[in-house]
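To keep things clear, I will list the structure first and then write my remarks on it.
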Amino acid sequence: MPRRRRSRYLFHRRLRLLRQSQRRTKGRRALILFALVLFALPLLAIPALAAETVGNLPAVDGLSASGLHQDMLIFDRHGTLIDDIGDHGDHRIVVPLNTITPFLKQATIAIEDRTFYENNGIDISGIARAAVADYSHHHIAQGGSTISQQLVKQVFIGPNPPPTIQRKIREAALAVDLNGRYTKDQILELYLNTIYYGAQSYGAEAAARGFFHTTSHNLTLAQAAMLAGLPQAPTDNSPLINPTRAKLRQAEVLDAMVTQKMITEQQALAAKQEKLAFFYPTNQLQAPHFVDYVLQVLDKQFHIRPSDRKGYRVYTTLDLNLQHLAETIVSNQINAKGRYYDFHDGALVAMDPKNGEVLAMVGGADYYRPGGQINMATTTTRQPGSSFKMLTYTAAIESGRLNMVSPILDQPMVFPLGGGTDGLKPYAPLNYDKKFHGTVPLKVAMGNSLNIPAIKTELTIGIPAVLDAARRLGVTSLNKPDSHYGISLTLGGYEVSPLDMATAASTLSNLGLRHRPAPVTLIQDGLGRTQFKYDPAKNEFRAVSPQVAFIVNSIMSDDRNRCMEFGCGGDLTLPGRHVAAKTGTTQDFRDNWTVGFTPSLAAAVWVGNPDNHPLANNSTGIVGAAPIWHQFMVQALAGHPDEWYGMPNGVDQVGQNYFLPGTESLPPTLAASWPTCRFRSFNPYTVTDAMLTVNGMPCVLNYIPRGVLPGQ
């Protein structure tokens with residue numbers, strides 16, 4: 001065959017093959033369109049034929065974004081989120097449509113349903129267009145379902161339904177019904193709060209917080225386009241799993257927005273070039289022990305639980321700045337001194353005395369270590385030691401039987417019973433320094449934390465009076481019958497919590513007006529309706545008089561009263577500032593305490609070990625807890641002026657001492673030796689109460705029994 005003729009033959013053959021290929025392509029597209037039309041015919045008859053095809057459909061009325069299951073959010077006093085409590089790691093935070101950035105709304109419509117505001121819930125041309133695009137690209141390039149169809153699939157059908165014709169008709173019927181009952185903005189709001197974006201994030205707000213650590217209101221165009229591309233394939237398009245694929249999908253979204261004139265090409269280019277930082281799903285929990293405490297309060301007081309999934313917004317009293325300060329100081333002290341003194345845990349509670357608001361709560365040095373979830377700030381398993389004496393002396397001043405200069409003889413005392421684990425051995429208390437100091441005024445006995453004068457004071461006014469004062473001041477854990485408590489009460493021998501001691505200190509700080517601890521200021525439900533608003537006036541109780549509190553505060557704030565045992569100018573003072581403080585150390589050095597306050601801040605600190613083993617090297621409150629308390633108070637009050645109390649009416653001043661009217665001259669009843677028992681020997685199993693008292697007071701032995709050492 002001649003060359004020219006052969007060339008013409010090959011040309012026409014290629015042309016014929018090309019035309020056949022085009023006819024086959026057109027045939028396939030025609031077949032697709034024909035199938036779509038066949039599929040669409042039932043939809044045109046909706047709802048008449050739909051009922052016969054798929055049976056009864058669920059009612060779509062009563063839908064509301066705020067009615068969706070969603071997270072409980074817990075904020076600090078400044079509105080900073082401290083915990084987002086979802087459902088087994090899944091998160092949804094419902095927000096109104098008008099708070100979501102227009103970028104995300106536009107991007108979603110552009111890529112998911114460009115005729116959203118025109119269609120009636122289904123888009124036949126969109127289905128056809130998506131089918132052709134998917135066939136041409138050999139993968140899912142466009143979604144055929146409208147936003148309304150995707151929404152009803154999520155809400156009524158389920159996220160992974162079987163791909164049957166009945167399901168598609170059912171989905172379309174519900175979408176049309178949805179559009180007949182709700183506005184487009186209502187549907188878009190439901191969609192953006194419902195749809196799954198991956199990484200356990202349901203809805204735009206949870207996705208914005210999870211992927212970008214921002215809000216749906218503050219998303220950039222680049223971020224919004226990235227999120228809008230996720231619902232079609234949350235795993236395949238995830239920037240955390242497939243960053244290259246996610247970037248391509250983001251570009252598709254931006255190009256769609258340009259095509260629909262939502263943004264300019266320049267905006268799209270800038271968004272494509274923006275470098276984004278992504279975050280893996282994490283629990284952003286802060287102040288974990290405080291959050292646990294808040295959840296307990298919500299459950300007990302308000303019957304509100306995270307499992308309700310009602311989207312409660314809980315605004316707390318916590319000051320996150322003070323919280324971080326407290327956590328750092330506790331951790332630093334344990335790291336610096338814990339090995340030498342053998343203490344490995346600590347707790348701190350800070351309160352505003354004027355209203356009872358809990359400003360900081362450290363429940364332990366490490367929440368995530370084994371056993372670290374135990375909140376040592378609220379647990380009632382530790383003894384307060386001598387820090388409890390501030391409550392004993394409050395009761396003593398209130399009784400009118402003693403004043404701040406009442407002389408007390410510090411002498412050896414051996415009680416017939418009360419020692420040993422069974423209480424059947426003699427009990428010989430000692431002072432911390434194992435010395436006796438003769439006659440000292442009450443204010444010096446209190447300031448230097450002398451044990452024997454405290455016991456004499458307690459027994460003089462009566463243990464029930466001490467219990468009554470402690471309970472009124474805010475100690476809730478001493479809730480057993482009065483008969484349960486013995487002589488060691490004033491020495492802090494019964495378990496209380498740091499929160500209780502902080503409350504008692506706050507009450508004294510507020511001149512006797514008590515506020516129970518208040519960790520929550522406002523609770524709103526998912527609809528924004530207020531369920532609770534804290535009113536300090538409804539949480540007030542006059543525990544002791546301003547006059548009594550003022551006198552006790554004067555004793556605790558005078559550094560001269562404690563110089564004998566603790567030295568002057570130590571960690572119980574704050575430079576250039578009036579402050580009241582009291583330390584505590586329990587038997588065998590198991591617990592270390594410091595409690596103190598100014599008129600605007602009260603704090604209680606505990607240091608010890610979770611397993612209750614003793615501390616080492618004579619670790620007292622002054623070396624363990626006091627440095628934490630001192631550093632926290634100094635830094636927390638920085639920038640605040642010094643403040644103290646004016647002397648209230650009803651207090652008489654004589655020199656530098658203060659008295660309740662009529663108590664300036666009292667008989668020196670505690671300056672004499674304590675009554676001694678009238679027997680030389682006794683049987684602890686048969687001794688009677690009458691034998692153990694003299695003139696109504698518990699008597700002491702005038703000898704030390706064999707085998708009994710002072711302090712046992």
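Identifiers in the structure tokens: chain A, B, ... in order shown; residue index from 1 per chain; ligand index from 1 in order shown.
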For A:Ala233: contacts at 9 Å, only C-alpha atoms, fewer than 5 positions along chain excluded, given as a compact mmCIF listing (two decimals) with N, CA and C atoms, in the first residue's frame:
```txt
# COMPACT_ATOMS: atom_id res chain seq x y z
N TYR A 197 -16.36 15.45 62.51
CA TYR A 197 -15.18 15.98 61.85
C TYR A 197 -13.94 15.10 62.06
N GLY A 198 -14.11 14.00 62.78
CA GLY A 198 -12.96 13.16 63.07
C GLY A 198 -12.32 13.54 64.39
N SER A 238 -8.07 13.57 57.17
CA SER A 238 -7.58 14.14 58.44
C SER A 238 -6.17 14.69 58.30
```
Just want the 10 Å neighbourhood of A:Phe632, counted on only C-alpha atoms, with same-chain residues fewer than 4 positions away dropped. Output as a VMD selection string.
chain A and resid 322 325 to 330 348 350 603 605 626 to 628 636 to 638
Enumerate the residues of stretch 469-697 of chain A with a DSSP assignment of strand (DSSP E or B), computed from the backbone, and present them as a ChimeraX atom specification.
/A:496,513-515,518,520-524,530-533,540-542,574,577,580-585,591-598,601-608,652-654,657-659,676,693-694,697
Could you check which of A:Arg305, A:Arg369, A:Arg92, A:Lys184 is closest to A:Tyr196, using only C-alpha atoms?
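Of A:Arg305, A:Arg369, A:Arg92, A:Lys184, the one nearest A:Tyr196 is A:Arg92, counting only C-alpha atoms.
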For A:Ala271: contacts at 10 Å, only C-alpha atoms, fewer than 3 positions along chain excluded, given as a ChimeraX atom specification
/A:220-226,250-251,254,265-268,274-276
Just write the chosen residues, N, CA and C atoms, as a PDB file, in the first residue's frame.
```pdb
ATOM      1  N   THR A 220      -9.567  30.905  61.091  1.00  0.00           N
ATOM      2  CA  THR A 220      -9.134  31.621  59.887  1.00  0.00           C
ATOM      3  C   THR A 220      -9.760  30.952  58.663  1.00  0.00           C
ATOM      4  N   LEU A 221      -9.643  31.602  57.515  1.00  0.00           N
ATOM      5  CA  LEU A 221     -10.151  31.013  56.280  1.00  0.00           C
ATOM      6  C   LEU A 221      -9.478  29.676  56.012  1.00  0.00           C
ATOM      7  N   ALA A 222      -8.166  29.605  56.223  1.00  0.00           N
ATOM      8  CA  ALA A 222      -7.435  28.360  55.979  1.00  0.00           C
ATOM      9  C   ALA A 222      -7.919  27.248  56.905  1.00  0.00           C
ATOM     10  N   GLN A 223      -8.111  27.580  58.161  1.00  0.00           N
ATOM     11  CA  GLN A 223      -8.585  26.586  59.116  1.00  0.00           C
ATOM     12  C   GLN A 223     -10.013  26.145  58.793  1.00  0.00           C
ATOM     13  N   ALA A 224     -10.859  27.108  58.441  1.00  0.00           N
ATOM     14  CA  ALA A 224     -12.251  26.792  58.122  1.00  0.00           C
ATOM     15  C   ALA A 224     -12.338  25.877  56.904  1.00  0.00           C
ATOM     16  N   ALA A 225     -11.534  26.154  55.885  1.00  0.00           N
ATOM     17  CA  ALA A 225     -11.544  25.314  54.686  1.00  0.00           C
ATOM     18  C   ALA A 225     -11.054  23.908  54.995  1.00  0.00           C
ATOM     19  N   MET A 226     -10.083  23.808  55.888  1.00  0.00           N
ATOM     20  CA  MET A 226      -9.591  22.483  56.282  1.00  0.00           C
ATOM     21  C   MET A 226     -10.682  21.693  56.990  1.00  0.00           C
ATOM     22  N   GLN A 250      -8.355  20.666  51.244  1.00  0.00           N
ATOM     23  CA  GLN A 250      -8.502  22.080  51.593  1.00  0.00           C
ATOM     24  C   GLN A 250      -8.499  22.943  50.338  1.00  0.00           C
ATOM     25  N   ALA A 251      -7.620  22.606  49.395  1.00  0.00           N
ATOM     26  CA  ALA A 251      -7.555  23.363  48.139  1.00  0.00           C
ATOM     27  C   ALA A 251      -8.852  23.218  47.351  1.00  0.00           C
ATOM     28  N   LEU A 254     -11.351  25.563  48.915  1.00  0.00           N
ATOM     29  CA  LEU A 254     -11.063  26.963  48.591  1.00  0.00           C
ATOM     30  C   LEU A 254     -11.406  27.275  47.137  1.00  0.00           C
ATOM     31  N   GLU A 265      -9.652  34.954  44.438  1.00  0.00           N
ATOM     32  CA  GLU A 265      -8.529  34.057  44.182  1.00  0.00           C
ATOM     33  C   GLU A 265      -7.338  34.400  45.074  1.00  0.00           C
ATOM     34  N   GLN A 266      -7.169  35.691  45.362  1.00  0.00           N
ATOM     35  CA  GLN A 266      -6.065  36.113  46.230  1.00  0.00           C
ATOM     36  C   GLN A 266      -6.260  35.576  47.656  1.00  0.00           C
ATOM     37  N   GLN A 267      -7.497  35.615  48.147  1.00  0.00           N
ATOM     38  CA  GLN A 267      -7.763  35.068  49.474  1.00  0.00           C
ATOM     39  C   GLN A 267      -7.511  33.564  49.504  1.00  0.00           C
ATOM     40  N   ALA A 268      -7.936  32.897  48.466  1.00  0.00           N
ATOM     41  CA  ALA A 268      -7.730  31.450  48.402  1.00  0.00           C
ATOM     42  C   ALA A 268      -6.245  31.115  48.381  1.00  0.00           C
ATOM     43  N   GLU A 274      -1.012  29.458  53.920  1.00  0.00           N
ATOM     44  CA  GLU A 274      -0.931  29.618  55.379  1.00  0.00           C
ATOM     45  C   GLU A 274      -0.488  28.306  56.028  1.00  0.00           C
ATOM     46  N   LYS A 275       0.509  28.376  56.870  1.00  0.00           N
ATOM     47  CA  LYS A 275       1.001  27.193  57.561  1.00  0.00           C
ATOM     48  C   LYS A 275       0.165  26.966  58.815  1.00  0.00           C
ATOM     49  N   LEU A 276      -0.454  25.811  58.902  1.00  0.00           N
ATOM     50  CA  LEU A 276      -1.359  25.518  60.011  1.00  0.00           C
ATOM     51  C   LEU A 276      -0.695  24.569  61.004  1.00  0.00           C
TER      52      LEU A 276
END
```
